[in-house]
>>> print(open('query34.txt').read())   # compact mmCIF, C-alpha atoms and all ligand atoms
# COMPACT_ATOMS: atom_id res chain seq x y z
CA MET U 29 4.74 -10.89 23.00
CA ASN U 30 3.51 -13.38 20.38
CA HIS U 31 3.22 -16.08 23.04
CA VAL U 32 0.24 -14.40 24.73
CA ARG U 33 -2.03 -14.86 21.71
CA ALA U 34 -2.74 -18.50 22.59
CA ASP U 35 -4.46 -17.25 25.76
CA PHE U 36 -7.08 -15.31 23.77
CA PRO U 37 -9.55 -17.77 22.23
CA ILE U 38 -11.38 -15.09 20.20
CA LEU U 39 -8.23 -14.34 18.19
CA ASP U 40 -8.68 -17.70 16.44
CA ARG U 41 -12.03 -16.82 14.91
CA LYS U 42 -12.61 -15.81 11.33
CA VAL U 43 -14.45 -12.67 10.25
CA ASN U 44 -15.93 -12.60 6.74
CA GLY U 45 -13.85 -15.66 5.98
CA LYS U 46 -10.63 -13.86 6.92
CA ARG U 47 -8.24 -14.05 9.83
CA LEU U 48 -9.41 -11.62 12.56
CA ALA U 49 -7.11 -8.62 13.00
CA TYR U 50 -8.61 -7.06 16.12
CA LEU U 51 -7.46 -3.44 16.16
CA ASP U 52 -10.11 -1.95 18.44
CA SER U 53 -8.60 -2.44 21.88
CA ALA U 54 -9.12 1.22 22.85
CA ALA U 55 -12.86 0.51 22.72
CA THR U 56 -12.53 -2.75 24.62
CA THR U 57 -9.84 -5.38 24.85
CA GLN U 58 -10.19 -9.09 24.30
CA LYS U 59 -10.16 -11.40 27.31
CA PRO U 60 -7.66 -14.15 28.08
CA ILE U 61 -8.86 -17.58 29.10
CA GLN U 62 -7.64 -16.88 32.67
CA VAL U 63 -10.23 -14.08 33.02
CA ILE U 64 -13.00 -16.06 31.33
CA GLU U 65 -12.31 -19.00 33.64
CA ALA U 66 -12.22 -16.88 36.81
CA VAL U 67 -15.70 -15.54 36.02
CA ASP U 68 -16.95 -19.00 35.03
CA ASP U 69 -15.53 -20.54 38.20
CA TYR U 70 -17.34 -18.00 40.39
CA TYR U 71 -20.70 -18.77 38.77
CA ARG U 72 -20.12 -22.53 38.79
CA ARG U 73 -18.69 -22.99 42.28
CA TYR U 74 -19.39 -20.13 44.68
CA ASN U 75 -21.94 -17.72 43.22
CA SER U 76 -23.36 -15.79 46.18
CA ASN U 77 -23.87 -12.23 47.35
CA VAL U 78 -21.03 -10.56 49.22
CA HIS U 79 -20.70 -9.05 52.71
CA ARG U 80 -24.01 -10.34 54.01
CA GLY U 81 -24.33 -14.09 54.16
CA ALA U 82 -23.19 -16.21 57.05
CA HIS U 83 -22.74 -19.22 54.82
CA THR U 84 -19.73 -20.74 53.09
CA LEU U 85 -20.53 -19.57 49.57
CA ALA U 86 -21.08 -15.99 50.75
CA ASP U 87 -17.76 -16.11 52.59
CA GLU U 88 -15.94 -17.43 49.54
CA ALA U 89 -17.52 -14.78 47.29
CA THR U 90 -16.64 -12.02 49.77
CA VAL U 91 -13.04 -13.20 50.05
CA ALA U 92 -12.73 -13.32 46.25
CA TYR U 93 -14.37 -9.89 45.79
CA GLU U 94 -12.17 -8.23 48.42
CA GLY U 95 -9.17 -10.16 47.12
CA ALA U 96 -9.82 -8.66 43.68
CA ARG U 97 -9.91 -5.19 45.23
CA ALA U 98 -6.51 -5.82 46.83
CA LYS U 99 -5.06 -7.03 43.49
CA VAL U 100 -6.35 -4.05 41.50
CA ALA U 101 -5.13 -1.66 44.20
CA ARG U 102 -1.68 -3.27 44.27
CA PHE U 103 -1.53 -3.05 40.48
CA ILE U 104 -1.56 0.77 40.72
CA GLY U 105 0.51 1.01 43.91
CA ALA U 106 -2.47 1.78 46.15
CA ALA U 107 -3.90 0.50 49.42
CA ALA U 108 -7.00 -1.69 49.06
CA ASP U 109 -9.19 0.57 51.19
CA GLU U 110 -8.57 3.50 48.84
CA LEU U 111 -9.93 1.64 45.84
CA VAL U 112 -13.64 1.88 45.05
CA PHE U 113 -15.19 -0.54 42.58
CA THR U 114 -17.45 1.32 40.15
CA ARG U 115 -19.18 0.44 36.88
CA GLY U 116 -16.26 1.90 34.91
CA THR U 117 -14.47 5.14 34.15
CA THR U 118 -17.68 6.99 33.29
CA SER U 119 -19.26 6.04 36.58
CA SER U 120 -16.04 6.83 38.52
CA LEU U 121 -15.89 10.34 37.03
CA ASN U 122 -19.59 10.95 37.70
CA MET U 123 -19.07 9.75 41.26
CA VAL U 124 -16.37 12.40 41.75
CA ALA U 125 -18.39 15.10 40.00
CA TYR U 126 -21.48 14.48 42.12
CA GLY U 127 -19.75 13.38 45.32
CA TRP U 128 -17.13 16.10 45.42
CA GLY U 129 -17.81 18.78 42.79
CA LEU U 130 -21.48 19.25 43.57
CA ASN U 131 -20.82 20.01 47.24
CA ARG U 132 -17.63 22.01 46.90
CA LEU U 133 -18.12 24.32 43.95
CA SER U 134 -19.91 27.63 43.83
CA PRO U 135 -20.35 30.46 41.30
CA GLY U 136 -16.97 31.89 40.32
CA ASP U 137 -15.15 28.57 40.81
CA ARG U 138 -13.57 26.92 37.80
CA ILE U 139 -12.99 23.40 36.53
CA LEU U 140 -9.96 23.02 34.26
CA LEU U 141 -10.08 20.37 31.53
CA THR U 142 -8.19 19.85 28.26
CA VAL U 143 -9.73 19.84 24.79
CA MET U 144 -8.58 16.25 24.28
CA GLU U 145 -10.96 14.78 26.86
CA HIS U 146 -13.41 11.96 26.21
CA HIS U 147 -17.06 12.95 26.75
CA ALA U 148 -16.92 11.03 30.05
CA ASN U 149 -14.56 13.70 31.38
CA ILE U 150 -16.52 16.65 30.00
CA VAL U 151 -20.25 16.03 30.33
CA PRO U 152 -20.31 15.24 34.10
CA TRP U 153 -18.49 18.55 34.69
CA GLN U 154 -20.98 20.40 32.49
CA LEU U 155 -23.77 18.97 34.63
CA ILE U 156 -21.98 20.01 37.82
CA ALA U 157 -21.26 23.46 36.40
CA ARG U 158 -24.95 23.83 35.67
CA HIS U 159 -25.87 22.80 39.22
CA THR U 160 -23.26 24.94 40.99
CA GLY U 161 -22.66 27.95 38.75
CA ALA U 162 -18.98 26.98 38.35
CA GLU U 163 -17.35 27.51 34.94
CA LEU U 164 -15.39 25.19 32.66
CA VAL U 165 -12.05 26.28 31.20
CA TYR U 166 -9.90 24.33 28.77
CA LEU U 167 -6.25 23.87 27.93
CA GLU U 168 -5.56 23.60 24.20
CA LEU U 169 -3.06 21.46 22.30
CA THR U 170 0.31 21.95 20.66
CA ASP U 171 0.89 21.21 16.96
CA ASP U 172 1.97 17.70 17.90
CA TYR U 173 -1.29 16.96 19.74
CA ARG U 174 0.10 17.30 23.29
CA VAL U 175 -1.49 19.46 25.98
CA ASP U 176 -0.15 22.98 25.52
CA LEU U 177 1.52 23.99 28.77
CA THR U 178 2.86 27.33 27.53
CA ASN U 179 0.98 30.36 28.85
CA LEU U 180 -0.46 28.29 31.69
CA ASP U 181 -0.55 31.40 33.85
CA ARG U 182 -3.11 32.93 31.47
CA VAL U 183 -5.58 30.19 32.42
CA VAL U 184 -4.50 29.02 35.85
CA ASP U 185 -5.36 30.89 39.01
CA GLU U 186 -6.89 30.20 42.40
CA ARG U 187 -10.41 30.13 41.00
CA ILE U 188 -9.63 26.68 39.65
CA LYS U 189 -10.79 24.10 42.17
CA ILE U 190 -10.63 20.98 40.00
CA ILE U 191 -8.22 19.89 37.27
CA SER U 192 -9.44 16.78 35.46
CA MET U 193 -7.31 15.40 32.65
CA SER U 194 -6.85 12.43 30.42
CA GLY U 195 -3.84 10.15 30.97
CA MET U 196 -3.88 9.30 27.27
CA SER U 197 -6.13 10.41 24.42
CA ASN U 198 -8.40 7.73 23.00
CA VAL U 199 -8.30 9.53 19.63
CA THR U 200 -4.75 10.73 19.01
CA GLY U 201 -2.96 8.36 21.39
CA ALA U 202 -1.11 11.36 22.87
CA ILE U 203 0.04 10.82 26.44
CA GLY U 204 -1.46 13.46 28.77
CA SER U 205 0.54 15.94 30.81
CA VAL U 206 -0.42 14.45 34.14
CA ALA U 207 2.75 15.15 36.15
CA GLU U 208 2.78 18.82 35.09
CA LEU U 209 -0.91 19.43 35.74
CA VAL U 210 -0.87 17.59 39.05
CA GLU U 211 1.89 19.98 40.11
CA VAL U 212 -0.19 22.97 38.96
CA ALA U 213 -3.13 21.64 41.01
CA ARG U 214 -0.90 21.26 44.06
CA GLN U 215 0.32 24.85 43.77
CA ILE U 216 -3.19 26.33 43.65
CA GLY U 217 -4.81 23.87 46.07
CA ALA U 218 -7.07 22.30 43.42
CA VAL U 219 -8.07 18.64 43.34
CA SER U 220 -6.43 16.69 40.49
CA ILE U 221 -8.29 13.91 38.72
CA VAL U 222 -6.92 11.59 36.05
CA ASP U 223 -9.18 9.93 33.49
CA ALA U 224 -6.89 6.92 33.22
CA ALA U 225 -9.20 4.81 31.01
CA GLN U 226 -6.48 4.69 28.33
CA SER U 227 -3.38 5.08 30.49
CA VAL U 228 -3.64 2.53 33.33
CA PRO U 229 -4.10 -0.30 30.77
CA HIS U 230 -1.01 0.72 28.77
CA LEU U 231 1.48 2.61 30.92
CA PRO U 232 3.00 1.43 34.21
CA THR U 233 1.09 3.48 36.81
CA ASP U 234 1.94 4.05 40.46
CA VAL U 235 -0.46 6.35 42.26
CA SER U 236 1.94 6.64 45.19
CA THR U 237 4.30 8.68 43.00
CA LEU U 238 1.82 10.08 40.46
CA GLY U 239 0.70 12.80 42.86
CA ALA U 240 -2.91 12.92 41.60
CA ASP U 241 -5.81 12.93 44.05
CA LEU U 242 -8.21 10.69 42.14
CA VAL U 243 -7.73 8.20 39.29
CA ALA U 244 -10.51 6.56 37.25
CA PHE U 245 -10.22 3.51 34.97
CA SER U 246 -12.19 0.62 33.44
CA ALA U 247 -11.54 -3.13 33.64
CA HIS U 248 -12.76 -3.89 30.12
CA LYS U 249 -9.94 -1.87 28.55
CA MET U 250 -7.34 -3.98 30.39
CA LEU U 251 -8.42 -7.58 29.73
CA GLY U 252 -11.19 -7.56 32.33
CA PRO U 253 -14.98 -7.80 32.08
CA THR U 254 -17.34 -4.96 31.19
CA GLY U 255 -19.49 -3.45 33.94
CA ILE U 256 -16.66 -2.82 36.37
CA GLY U 257 -13.95 -0.25 36.89
CA ALA U 258 -12.30 1.59 39.69
CA LEU U 259 -11.92 4.93 41.36
CA TRP U 260 -8.76 5.28 43.37
CA GLY U 261 -8.62 8.27 45.69
CA ARG U 262 -6.37 9.71 48.34
CA ARG U 263 -7.86 8.64 51.65
CA GLU U 264 -8.62 12.21 52.87
CA ILE U 265 -10.47 13.01 49.66
CA LEU U 266 -12.53 9.84 49.75
CA GLU U 267 -13.37 10.54 53.40
CA GLU U 268 -14.58 14.02 52.46
CA MET U 269 -16.44 12.93 49.35
CA GLU U 270 -20.19 12.36 49.65
CA PRO U 271 -21.63 9.14 48.25
CA ALA U 272 -23.50 9.88 45.01
CA GLU U 273 -25.69 6.79 45.44
CA GLY U 274 -27.43 5.51 48.56
CA GLY U 275 -28.80 2.08 49.38
CA GLY U 276 -27.81 -1.21 50.92
CA GLU U 277 -24.19 -2.10 51.67
CA MET U 278 -22.99 1.52 51.89
CA ILE U 279 -24.20 2.33 55.40
CA SER U 280 -23.14 1.59 58.95
CA ASP U 281 -26.55 2.59 60.35
CA VAL U 282 -29.88 3.72 58.93
CA GLY U 283 -32.54 5.62 60.84
CA LEU U 284 -35.85 6.85 59.51
CA TYR U 285 -34.47 10.29 58.74
CA GLU U 286 -30.71 9.98 58.73
CA SER U 287 -28.03 7.41 58.11
CA LYS U 288 -24.35 6.90 58.77
CA TRP U 289 -22.08 5.77 56.01
CA ALA U 290 -19.95 2.66 55.99
CA PRO U 291 -16.19 3.30 55.96
CA VAL U 292 -14.42 4.04 52.67
CA PRO U 293 -14.48 2.38 50.14
CA HIS U 294 -17.81 0.69 50.97
CA LYS U 295 -19.69 3.97 51.34
CA PHE U 296 -19.39 4.35 47.57
CA GLU U 297 -20.58 0.85 46.70
CA ALA U 298 -24.37 0.95 47.15
CA GLY U 299 -26.28 -2.22 46.30
CA THR U 300 -25.06 -5.59 45.12
CA PRO U 301 -21.79 -4.95 43.32
CA PRO U 302 -20.68 -6.60 40.07
CA ILE U 303 -19.12 -9.57 41.85
CA ALA U 304 -18.21 -11.83 38.94
CA GLN U 305 -16.83 -8.82 37.12
CA ALA U 306 -14.66 -7.81 40.09
CA ILE U 307 -13.25 -11.32 40.27
CA GLY U 308 -12.56 -11.17 36.53
CA PHE U 309 -10.89 -7.78 37.02
CA GLY U 310 -8.61 -9.36 39.63
CA ALA U 311 -7.68 -12.12 37.18
CA ALA U 312 -6.99 -9.49 34.50
CA VAL U 313 -4.48 -7.59 36.65
CA ASP U 314 -2.89 -10.91 37.64
CA TYR U 315 -2.39 -11.54 33.94
CA LEU U 316 -0.95 -8.07 33.31
CA ASP U 317 1.32 -8.42 36.34
CA LYS U 318 2.63 -11.69 34.96
CA VAL U 319 3.37 -10.12 31.57
CA GLY U 320 4.80 -7.02 33.27
CA MET U 321 3.64 -3.51 32.40
CA SER U 322 7.12 -2.41 31.31
CA GLU U 323 7.29 -5.33 28.87
CA LEU U 324 3.79 -4.48 27.66
CA ARG U 325 4.74 -0.83 27.09
CA LYS U 326 7.89 -1.93 25.25
CA HIS U 327 5.81 -4.13 22.96
CA GLU U 328 3.33 -1.32 22.30
CA ILE U 329 6.13 1.10 21.41
CA GLU U 330 7.50 -1.44 18.91
CA ILE U 331 4.17 -2.31 17.34
CA THR U 332 3.14 1.37 17.19
CA GLN U 333 6.40 2.29 15.46
CA TYR U 334 5.82 -0.54 12.99
CA ALA U 335 2.28 0.69 12.35
CA LEU U 336 3.37 4.32 11.88
CA ASP U 337 6.07 3.18 9.42
CA ARG U 338 3.70 0.97 7.44
CA LEU U 339 0.93 3.59 7.40
CA ALA U 340 3.43 6.18 6.15
CA GLU U 341 3.74 4.06 2.97
CA VAL U 342 0.05 4.45 2.16
CA PRO U 343 -0.53 7.44 -0.16
CA ASP U 344 -3.10 10.04 0.97
CA LEU U 345 -3.05 8.72 4.53
CA LYS U 346 -2.71 11.28 7.31
CA ILE U 347 -2.05 10.33 10.92
CA VAL U 348 -4.05 12.39 13.42
CA GLY U 349 -1.73 12.17 16.41
CA PRO U 350 1.91 12.40 17.48
CA GLN U 351 4.57 10.74 15.31
CA ASP U 352 6.93 10.15 18.23
CA VAL U 353 6.23 6.83 19.95
CA ALA U 354 7.83 8.11 23.16
CA VAL U 355 4.88 10.46 23.77
CA ARG U 356 2.05 8.31 22.51
CA GLY U 357 0.34 5.00 23.04
CA GLY U 358 -0.85 2.42 20.56
CA THR U 359 -4.00 4.20 19.42
CA VAL U 360 -3.55 5.46 15.89
CA SER U 361 -6.21 7.63 14.25
CA PHE U 362 -5.96 8.44 10.57
CA GLU U 363 -7.72 9.87 7.55
CA LEU U 364 -7.49 8.30 4.10
CA GLY U 365 -7.88 11.06 1.50
CA ASP U 366 -11.51 12.06 1.42
CA VAL U 367 -12.83 8.54 1.96
CA HIS U 368 -15.26 8.59 4.88
CA PRO U 369 -13.80 6.78 7.88
CA HIS U 370 -16.96 4.66 8.14
CA ASP U 371 -16.34 3.46 4.58
CA VAL U 372 -12.71 2.73 5.48
CA ALA U 373 -13.88 0.71 8.50
CA THR U 374 -16.42 -1.20 6.38
CA ILE U 375 -13.83 -2.17 3.76
CA LEU U 376 -11.40 -3.17 6.50
CA ASP U 377 -14.08 -5.31 8.13
CA GLN U 378 -14.51 -7.19 4.85
CA GLU U 379 -10.79 -7.96 5.18
CA GLY U 380 -11.23 -9.22 8.76
CA VAL U 381 -9.80 -6.05 10.27
CA ALA U 382 -11.71 -4.48 13.19
CA VAL U 383 -11.16 -0.73 13.63
CA ARG U 384 -13.41 1.99 14.99
CA ALA U 385 -14.53 4.99 12.95
CA GLY U 386 -16.25 8.21 13.97
CA HIS U 387 -15.77 10.90 16.59
CA HIS U 388 -14.72 8.44 19.32
CA CYS U 389 -16.80 10.23 21.99
CA ALA U 390 -14.48 13.23 21.77
CA LYS U 391 -16.47 15.73 19.71
CA PRO U 392 -14.82 18.84 21.19
CA LEU U 393 -11.42 17.41 20.22
CA MET U 394 -12.57 16.62 16.67
CA ARG U 395 -13.90 20.17 16.29
CA TYR U 396 -10.69 21.60 17.74
CA LEU U 397 -8.63 19.58 15.24
CA ARG U 398 -11.10 20.37 12.44
CA VAL U 399 -11.41 16.69 11.63
CA PRO U 400 -14.99 15.43 11.21
CA ALA U 401 -14.12 11.81 11.96
CA THR U 402 -11.21 9.39 11.86
CA ALA U 403 -10.62 5.71 11.43
CA ARG U 404 -8.79 4.40 14.49
CA ALA U 405 -6.61 1.34 14.95
CA SER U 406 -5.70 0.53 18.53
CA PHE U 407 -3.29 -2.06 19.84
CA TYR U 408 -2.63 -4.18 22.90
CA LEU U 409 -0.27 -6.85 24.10
CA TYR U 410 -1.68 -9.41 21.62
CA THR U 411 -1.29 -7.17 18.54
CA VAL U 412 1.24 -8.50 16.02
CA GLU U 413 2.80 -7.16 12.81
CA GLU U 414 0.55 -9.43 10.78
CA ASP U 415 -2.49 -7.48 12.10
CA ILE U 416 -0.97 -4.22 10.86
CA ASP U 417 -0.01 -5.76 7.50
CA GLN U 418 -3.58 -7.00 7.05
CA MET U 419 -4.88 -3.48 7.77
CA VAL U 420 -2.48 -1.93 5.28
CA THR U 421 -3.57 -4.42 2.59
CA GLY U 422 -7.17 -3.44 3.36
CA LEU U 423 -6.30 0.25 3.08
CA TYR U 424 -4.86 -0.28 -0.41
CA ARG U 425 -8.10 -2.03 -1.33
CA ALA U 426 -10.10 0.94 0.02
CA ARG U 427 -7.96 3.29 -2.10
CA GLU U 428 -8.76 1.27 -5.19
CA LEU U 429 -12.49 1.02 -4.48
CA PHE U 430 -12.79 4.75 -3.82
CA GLY U 431 -10.80 5.78 -6.84
CA LEU U 432 -7.67 7.04 -5.06
CA ALA U 433 -5.41 4.55 -6.74
N1 LIG F 1 -12.15 8.11 29.07
C1 LIG F 1 -11.45 7.72 28.01
C2 LIG F 1 -10.13 8.40 27.70
C3 LIG F 1 -11.95 6.69 27.21
O1 LIG F 1 -11.24 6.30 26.15
C4 LIG F 1 -13.18 6.07 27.54
C5 LIG F 1 -13.79 5.02 26.67
C6 LIG F 1 -13.85 6.52 28.69
C7 LIG F 1 -13.30 7.54 29.42
C8 LIG F 1 -15.11 5.89 29.15
O2 LIG F 1 -14.87 4.59 29.59
P1 LIG F 1 -16.07 3.61 29.94
O3 LIG F 1 -15.40 2.32 30.21
O4 LIG F 1 -16.77 4.18 31.12
O5 LIG F 1 -16.94 3.58 28.71
N2 LIG F 1 -13.36 5.04 25.35
C9 LIG F 1 -13.88 4.35 24.33
C10 LIG F 1 -13.33 4.39 23.04
O6 LIG F 1 -12.36 5.04 22.74
N3 LIG F 1 -14.06 3.62 22.23
O7 LIG F 1 -15.04 3.07 22.94
C11 LIG F 1 -14.95 3.51 24.24
>>> encode(input="query34.txt", output="C-alpha cells")
Amino acid sequence: MNHVRADFPILDRKVNGKRLAYLDSAATTQKPIQVIEAVDDYYRRYNSNVHRGAHTLADEATVAYEGARAKVARFIGAAADELVFTRGTTSSLNMVAYGWGLNRLSPGDRILLTVMEHHANIVPWQLIARHTGAELVYLELTDDYRVDLTNLDRVVDERIKIISMSGMSNVTGAIGSVAELVEVARQIGAVSIVDAAQSVPHLPTDVSTLGADLVAFSAHKMLGPTGIGALWGRREILEEMEPAEGGGEMISDVGLYESKWAPVPHKFEAGTPPIAQAIGFGAAVDYLDKVGMSELRKHEIEITQYALDRLAEVPDLKIVGPQDVAVRGGTVSFELGDVHPHDVATILDQEGVAVRAGHHCAKPLMRYLRVPATARASFYLYTVEEDIDQMVTGLYRARELFGLA
C-alpha cells in the first residue's frame, strides 16, 4: 500500500523538525490530492447552488452533487435515493433520534445500546429518552472487549424498539456485533441502527446484506472533507421518518400553515447543502474503490499486527483492546505505566508522531473499563511500518523521561 502515500501531500511535511508519522486517522483521515482537486475544481469552475438555478453552473453543480450521492450509495451497496447527505455521523444519528425516535417512543419503551458507544450514539438517545419517557439499556463487553452476547435474553424483550450499535469502537478498535444484533432487532421488531463512523471507512460494507435499517457515517474519516456524512436508510423507514429540520429544498409545497415534504432523500436535506464537501466525498469513495476495500482491510490487518507486535516489546505498555487482528480494526489504544496519556502524546508529538490522548468521546466505555484515559494510535491505508517504528522510538523516550527506564 506504500504507493498511495505519494497521493497525500501532507505526509511530506515535517513536525518539530521530524518526519510526520500521522497516527490519528480515527479522528480524521488525511486527504489525497484527488479529493483536494475535486473540491478546488468545483470552486474554480462551477461553484453554484444546487437544485434551483436554471443556468449552466447550477446544472453542473447539481449533476456533480447528485453524482456524488450515487457514488457514495454505490460504495455501500445502496440505491442513491436511500442515501441522505448529512453533516456527519453525529448529525445522522441525531436525525434518526429526532426524526424517528421522538415520534415513535413512549414511556415503557427501551433503546438498546452497548457500553462501547461514542457519545454521538449515546447523548442523542438520552435526549430522546428525556422527551419520550423511554429508557436506555446497555449491553456490556466480554474480557476481550467485544460486545457480550451471552445472556441476551436477560436484556432483550419486546419493549426494545431501537437497537443502535457501533460498527467498530473508536477506542479499543473492537469490531461490533452488528450481524448478531441486527438479527435480534429483526426478531423483536425493533429498528436497527449502525454507527458506522469507524466501520464503513475500514471494512467492506454492503447494506444490502448487512440487514440493518439505518447506517450513519462521516466523509472525513474516509479521505473526504469535513462537514459532510451520510445516513443510509431502508426506503420504508426513511419514508416514515419525520424530517428533523425544516426549510428550503426539503419541501414539495409550502402553505401558510402546512407543508408537504419533498421525496426522500431531499426531505432530510433542508437548506443549501455542503456542495463542495459532497463532491469531495464522491472523489474520496472513488479513491477507495480504486484501492479496493478488501485490499485496504488486508493492509490494515498487516499494519495492526505489526503495531501490536512492536508495542508488545515496550515494557509497561498495556493494550486496551483485542489482541486478535481478525476482530479488530487499526485503532490501538494503550497505557504506558502510569505516565499520563497526554504526556505520552506530547512526547510523541516532539518526535513527529501524531496520536490522540484522552477519553475519545467514550466516557461510559472508559468508566466501564476503569481506564481514565488512553493514548491512541490509529491507522489507514497510508500507514507504514516506519510510522509505527517512529512511535515505538518515541515511547522509549517517554519511558526514559518519566523514569520508567
Ligand atoms: N461514532 C464513532 C464510533 C466515532 O468514532 C465518531 C468520531 C463519531 C461517531 C462522530 O463522528 P463525527 O464525524 O460526527 O464527529 N470519532 C472521533 C474520534 O475517535 N476522534 O475524533 C473523533
>>> closest_residue(input="query34.txt", among="U:Ala162, U:Ala148, U:Ala98, U:Val124", to="ligand LIG 1 (chain F)", atoms="all atoms listed in the file")
U:Ala148
>>> residues_near_ligand(input="query34.txt", ligand="ligand LIG 1 (chain F)", cutoff="7 Å", atoms="all atoms listed in the file", output="VMD selection string")
chain U and resid 54 to 56 116 to 119 145 to 146 148 to 149 194 196 to 199 223 to 226 246 248 388 to 389
>>> residues_around(input="query34.txt", residues="range 37-53 of chain U", least_positions_apart="2", cutoff="7 Å", atoms="only C-alpha atoms", output="list in words")
Ala34, Asp35, Ala55, Thr56, Thr57, Ile61, Lys249, Gln378, Glu379, Gly380, Val381, Ala382, Val383, Arg384, Ala405, Ser406, Phe407, Tyr408 and Asp415 of chain U
>>> atom_distance(input="query34.txt", atom1="CA of Val355 in chain U", atom2="CA of Leu336 in chain U")
13.5 Å
>>> residues_around(input="query34.txt", residues="Leu238 in chain U", least_positions_apart="6", cutoff="12 Å", atoms="only C-alpha atoms", output="list in words")
Ile104, Gly105, Ala106, Gly195, Ser205, Val206, Ala207, Glu208, Leu209, Val210, Glu211, Ser220, Ile221, Val222, Ala224, Val228, Pro232, Trp260, Gly261 and Arg262 of chain U
>>> build_atoms(input="query34.txt", residues="range 308-321 of chain U", atoms="N, CA, C and O atoms", output="PDB file, in the coordinates of the input")
ATOM      1  N   GLY U 308     -13.214 -11.181  37.845  1.00  0.00           N
ATOM      2  CA  GLY U 308     -12.560 -11.170  36.530  1.00  0.00           C
ATOM      3  C   GLY U 308     -11.527 -10.062  36.414  1.00  0.00           C
ATOM      4  O   GLY U 308     -10.464 -10.237  35.802  1.00  0.00           O
ATOM      5  N   PHE U 309     -11.826  -8.916  37.010  1.00  0.00           N
ATOM      6  CA  PHE U 309     -10.890  -7.780  37.020  1.00  0.00           C
ATOM      7  C   PHE U 309      -9.603  -8.187  37.755  1.00  0.00           C
ATOM      8  O   PHE U 309      -8.477  -7.922  37.289  1.00  0.00           O
ATOM      9  N   GLY U 310      -9.766  -8.870  38.871  1.00  0.00           N
ATOM     10  CA  GLY U 310      -8.610  -9.360  39.630  1.00  0.00           C
ATOM     11  C   GLY U 310      -7.750 -10.289  38.775  1.00  0.00           C
ATOM     12  O   GLY U 310      -6.517 -10.196  38.758  1.00  0.00           O
ATOM     13  N   ALA U 311      -8.421 -11.179  38.041  1.00  0.00           N
ATOM     14  CA  ALA U 311      -7.680 -12.120  37.180  1.00  0.00           C
ATOM     15  C   ALA U 311      -6.967 -11.353  36.054  1.00  0.00           C
ATOM     16  O   ALA U 311      -5.872 -11.733  35.627  1.00  0.00           O
ATOM     17  N   ALA U 312      -7.606 -10.277  35.578  1.00  0.00           N
ATOM     18  CA  ALA U 312      -6.990  -9.490  34.500  1.00  0.00           C
ATOM     19  C   ALA U 312      -5.695  -8.825  34.978  1.00  0.00           C
ATOM     20  O   ALA U 312      -4.679  -8.853  34.281  1.00  0.00           O
ATOM     21  N   VAL U 313      -5.722  -8.246  36.178  1.00  0.00           N
ATOM     22  CA  VAL U 313      -4.480  -7.590  36.650  1.00  0.00           C
ATOM     23  C   VAL U 313      -3.425  -8.638  37.007  1.00  0.00           C
ATOM     24  O   VAL U 313      -2.225  -8.383  36.847  1.00  0.00           O
ATOM     25  N   ASP U 314      -3.861  -9.816  37.445  1.00  0.00           N
ATOM     26  CA  ASP U 314      -2.890 -10.910  37.640  1.00  0.00           C
ATOM     27  C   ASP U 314      -2.165 -11.197  36.325  1.00  0.00           C
ATOM     28  O   ASP U 314      -0.950 -11.377  36.291  1.00  0.00           O
ATOM     29  N   TYR U 315      -2.958 -11.245  35.260  1.00  0.00           N
ATOM     30  CA  TYR U 315      -2.390 -11.540  33.940  1.00  0.00           C
ATOM     31  C   TYR U 315      -1.397 -10.448  33.530  1.00  0.00           C
ATOM     32  O   TYR U 315      -0.280 -10.732  33.090  1.00  0.00           O
ATOM     33  N   LEU U 316      -1.822  -9.186  33.698  1.00  0.00           N
ATOM     34  CA  LEU U 316      -0.950  -8.070  33.310  1.00  0.00           C
ATOM     35  C   LEU U 316       0.308  -8.031  34.167  1.00  0.00           C
ATOM     36  O   LEU U 316       1.397  -7.717  33.686  1.00  0.00           O
ATOM     37  N   ASP U 317       0.155  -8.365  35.452  1.00  0.00           N
ATOM     38  CA  ASP U 317       1.320  -8.420  36.340  1.00  0.00           C
ATOM     39  C   ASP U 317       2.317  -9.471  35.857  1.00  0.00           C
ATOM     40  O   ASP U 317       3.527  -9.274  35.909  1.00  0.00           O
ATOM     41  N   LYS U 318       1.767 -10.601  35.408  1.00  0.00           N
ATOM     42  CA  LYS U 318       2.630 -11.690  34.960  1.00  0.00           C
ATOM     43  C   LYS U 318       3.402 -11.268  33.693  1.00  0.00           C
ATOM     44  O   LYS U 318       4.598 -11.519  33.571  1.00  0.00           O
ATOM     45  N   VAL U 319       2.709 -10.611  32.787  1.00  0.00           N
ATOM     46  CA  VAL U 319       3.370 -10.120  31.570  1.00  0.00           C
ATOM     47  C   VAL U 319       4.376  -9.033  31.936  1.00  0.00           C
ATOM     48  O   VAL U 319       5.497  -8.986  31.410  1.00  0.00           O
ATOM     49  N   GLY U 320       3.961  -8.149  32.855  1.00  0.00           N
ATOM     50  CA  GLY U 320       4.800  -7.020  33.270  1.00  0.00           C
ATOM     51  C   GLY U 320       4.436  -5.786  32.455  1.00  0.00           C
ATOM     52  O   GLY U 320       4.471  -5.822  31.221  1.00  0.00           O
ATOM     53  N   MET U 321       4.091  -4.705  33.117  1.00  0.00           N
ATOM     54  CA  MET U 321       3.640  -3.510  32.400  1.00  0.00           C
ATOM     55  C   MET U 321       4.773  -2.847  31.623  1.00  0.00           C
ATOM     56  O   MET U 321       4.534  -2.209  30.602  1.00  0.00           O
TER      57      MET U 321
END
